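Asks: Let me begin by handing over the structure; questions about it come next.
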Amino acid sequence: MHSVWKIVCVLLLFYTVIAGFLLPVPALPILNETIRNLYFHVTMWFAMIIHMAISIIYSIKYLSGSQLRNDLKAEQYAITGMMFGVAGLITGMIWAKFTWGAFWVNDVKLNGVAAAMLMYAAYFILRNSADDDTKRARLSAVYLVFAFPLMMAFIYILPRMTDSLHPGNGGNPAFGKYDLDNHMRMVFYPAIIAWTLLGLWITSIRIRIKNLWNETNL
């Protein structure tokens with residue numbers, strides 16, 4: 001049973017890539033075939049948020065019980081979330097180049113994403129600045145409790161309050177307004193599950209490696 005979800009992950013990843021490039025998509029002006037990046041760029045952001053949320057859960061569990069294994073899991077889920085964040089940022093820059101004419105434009109959501117990534121980069125710097133394990137874990141957990149809501153504000157709340165080039169923000173209609181034939185939903189939602197399961201798989205391996213490393217260095 002432990003390998004069933006991994007098989008599902010692999011199957012969904014193959015489906016996402018193959019269907020993402022082959023199934024029909026709406027013929028929209030400017031976007032054209034680049035709308036297929038929705039299956040990669042946006043879904044990776046969903047995976048990032050899910051892993052960052054899990055990291056918050058383990059941070060709160062550490063603060064309530066002071067067990068270092070929860071701090072370890074919080075760190076590893078944050079690392080995986082950061083990985084998806086960087087991947088989402090890169091795929092978004094490529095998309096921007098073909099639709100907006102530049103890899104980076106002065107957009108509130110793009111600037112918010114950059115701020116969020118820097119904020120989480122500061123989290124890893126903070127962890128490396130403390131020598132004591134307990135102190136490191138406590139500082140890191142408190143930092144993440146505040147960092148996650150700020151990230152959500154930068155990425156989702158602020159762009160909706162002002163002008164933004166991104167769909168669904170600043171008065172722009174979301175992709176759901178365009179996608180009337182449901183072809184994209186057939187790939188979009190499985191893609192979110194696929195990238196999320198891949199992240200969980202990667203994180204579980206990293207946690208096992210970290211535990212083995214800690215045991216050999218006791």
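Ligands are numbered from 1 in the order shown, chains are lettered A, B, ... in the order of the structure tokens, and residues start at 1 in each chain.
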Need to verify the contact set: A:Ala78, 12 Å, only C-alpha atoms, exclusion of same-chain residues closer than 2 positions in sequence. Can you return it as an MDAnalysis selection string?

Replies: chainID A and resid 47:59 71:76 80:85 117 119:124 127 140:141 143:145 147:148 199:200 202:203 206:207

Asks: Please identify which residues in stretch 51-112 of chain A DSSP calls alpha helix (DSSP H) from the backbone, and express them as a ChimeraX atom specification.

Replies: /A:51-65,68-99,108-112

Asks: Using only C-alpha atoms, please write the residues we just selected to a file, as a JSON list (two decimals), in the first residue's frame.

Replies:
[["chain", "number", "residue", "atom", "x", "y", "z"],
["A", 51, "HIS", "CA", 4.17, 22.07, 1.00],
["A", 52, "MET", "CA", 4.64, 25.42, 2.73],
["A", 53, "ALA", "CA", 1.35, 24.82, 4.56],
["A", 54, "ILE", "CA", 2.55, 21.39, 5.69],
["A", 55, "SER", "CA", 5.75, 23.04, 6.88],
["A", 56, "ILE", "CA", 3.66, 25.40, 9.00],
["A", 57, "ILE", "CA", 1.78, 22.47, 10.54],
["A", 58, "TYR", "CA", 5.02, 20.82, 11.65],
["A", 59, "SER", "CA", 6.34, 24.16, 12.93],
["A", 60, "ILE", "CA", 3.27, 24.53, 15.13],
["A", 61, "LYS", "CA", 3.64, 20.91, 16.26],
["A", 62, "TYR", "CA", 7.23, 21.67, 17.25],
["A", 63, "LEU", "CA", 6.23, 24.76, 19.24],
["A", 64, "SER", "CA", 3.60, 22.72, 21.07],
["A", 65, "GLY", "CA", 5.81, 19.71, 21.80],
["A", 68, "LEU", "CA", 13.14, 18.06, 16.94],
["A", 69, "ARG", "CA", 11.75, 15.58, 14.43],
["A", 70, "ASN", "CA", 8.93, 18.05, 13.75],
["A", 71, "ASP", "CA", 11.46, 20.79, 13.12],
["A", 72, "LEU", "CA", 13.27, 18.51, 10.68],
["A", 73, "LYS", "CA", 10.05, 17.84, 8.77],
["A", 74, "ALA", "CA", 9.15, 21.53, 8.75],
["A", 75, "GLU", "CA", 12.55, 22.34, 7.25],
["A", 76, "GLN", "CA", 12.37, 19.64, 4.58],
["A", 77, "TYR", "CA", 8.84, 20.57, 3.49],
["A", 78, "ALA", "CA", 9.94, 24.20, 3.28],
["A", 79, "ILE", "CA", 12.87, 23.17, 1.08],
["A", 80, "THR", "CA", 10.56, 21.25, -1.26],
["A", 81, "GLY", "CA", 8.15, 24.17, -1.30],
["A", 82, "MET", "CA", 11.01, 26.49, -2.20],
["A", 83, "MET", "CA", 12.01, 24.11, -5.01],
["A", 84, "PHE", "CA", 8.51, 24.31, -6.50],
["A", 85, "GLY", "CA", 8.52, 28.06, -5.97],
["A", 86, "VAL", "CA", 11.70, 28.46, -8.00],
["A", 87, "ALA", "CA", 10.34, 26.13, -10.69],
["A", 88, "GLY", "CA", 7.12, 28.13, -10.81],
["A", 89, "LEU", "CA", 9.10, 31.35, -11.04],
["A", 90, "ILE", "CA", 11.21, 30.08, -13.95],
["A", 91, "THR", "CA", 8.23, 28.72, -15.89],
["A", 92, "GLY", "CA", 6.42, 31.99, -15.24],
["A", 93, "MET", "CA", 9.34, 34.03, -16.59],
["A", 94, "ILE", "CA", 9.39, 31.93, -19.76],
["A", 95, "TRP", "CA", 5.64, 32.43, -20.14],
["A", 96, "ALA", "CA", 6.02, 36.18, -19.59],
["A", 97, "LYS", "CA", 8.66, 36.40, -22.32],
["A", 98, "PHE", "CA", 6.30, 34.95, -24.94],
["A", 99, "THR", "CA", 3.18, 36.83, -23.83],
["A", 108, "VAL", "CA", 2.56, 43.46, -8.38],
["A", 109, "LYS", "CA", 2.24, 39.67, -8.38],
["A", 110, "LEU", "CA", 5.72, 39.12, -9.79],
["A", 111, "ASN", "CA", 7.17, 41.51, -7.23],
["A", 112, "GLY", "CA", 5.20, 39.75, -4.50]]

Asks: Excluding A:Leu13 and any residue of its chain fewer than 2 positions from it, enumerate the residues within 10 Å of it, using only C-alpha atoms, and give them as a ChimeraX atom specification.

Replies: /A:7-11,15-19,190-195,197-198

Asks: A:Trp5, A:Phe46, A:Phe154, A:Phe21: which is nearest A:Thr196, counting only C-alpha atoms?

Replies: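 Smallest distance to A:Thr196 is found for A:Phe46.
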
Asks: Could you work out how far atom CA of A:Arg160 lies from atom CA of A:Ala27, giving the answer in Å with one decimal?

Replies: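 Atom CA of A:Arg160 lies at a distance of 25.9 Å from atom CA of A:Ala27.
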
Asks: Using only C-alpha atoms for the distances, tell me which of A:Trp201, A:Val42, A:Met184, A:Trp213 is nearest to A:Pro26.

Replies: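 Using only C-alpha atoms, A:Pro26 sits closest to A:Met184.
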
Asks: State, in Å with one decimal place, the distance from atom CA of A:Ile155 to atom CA of A:Glu33.

Replies: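 Distance reported for this atom pair: 25.1 Å.
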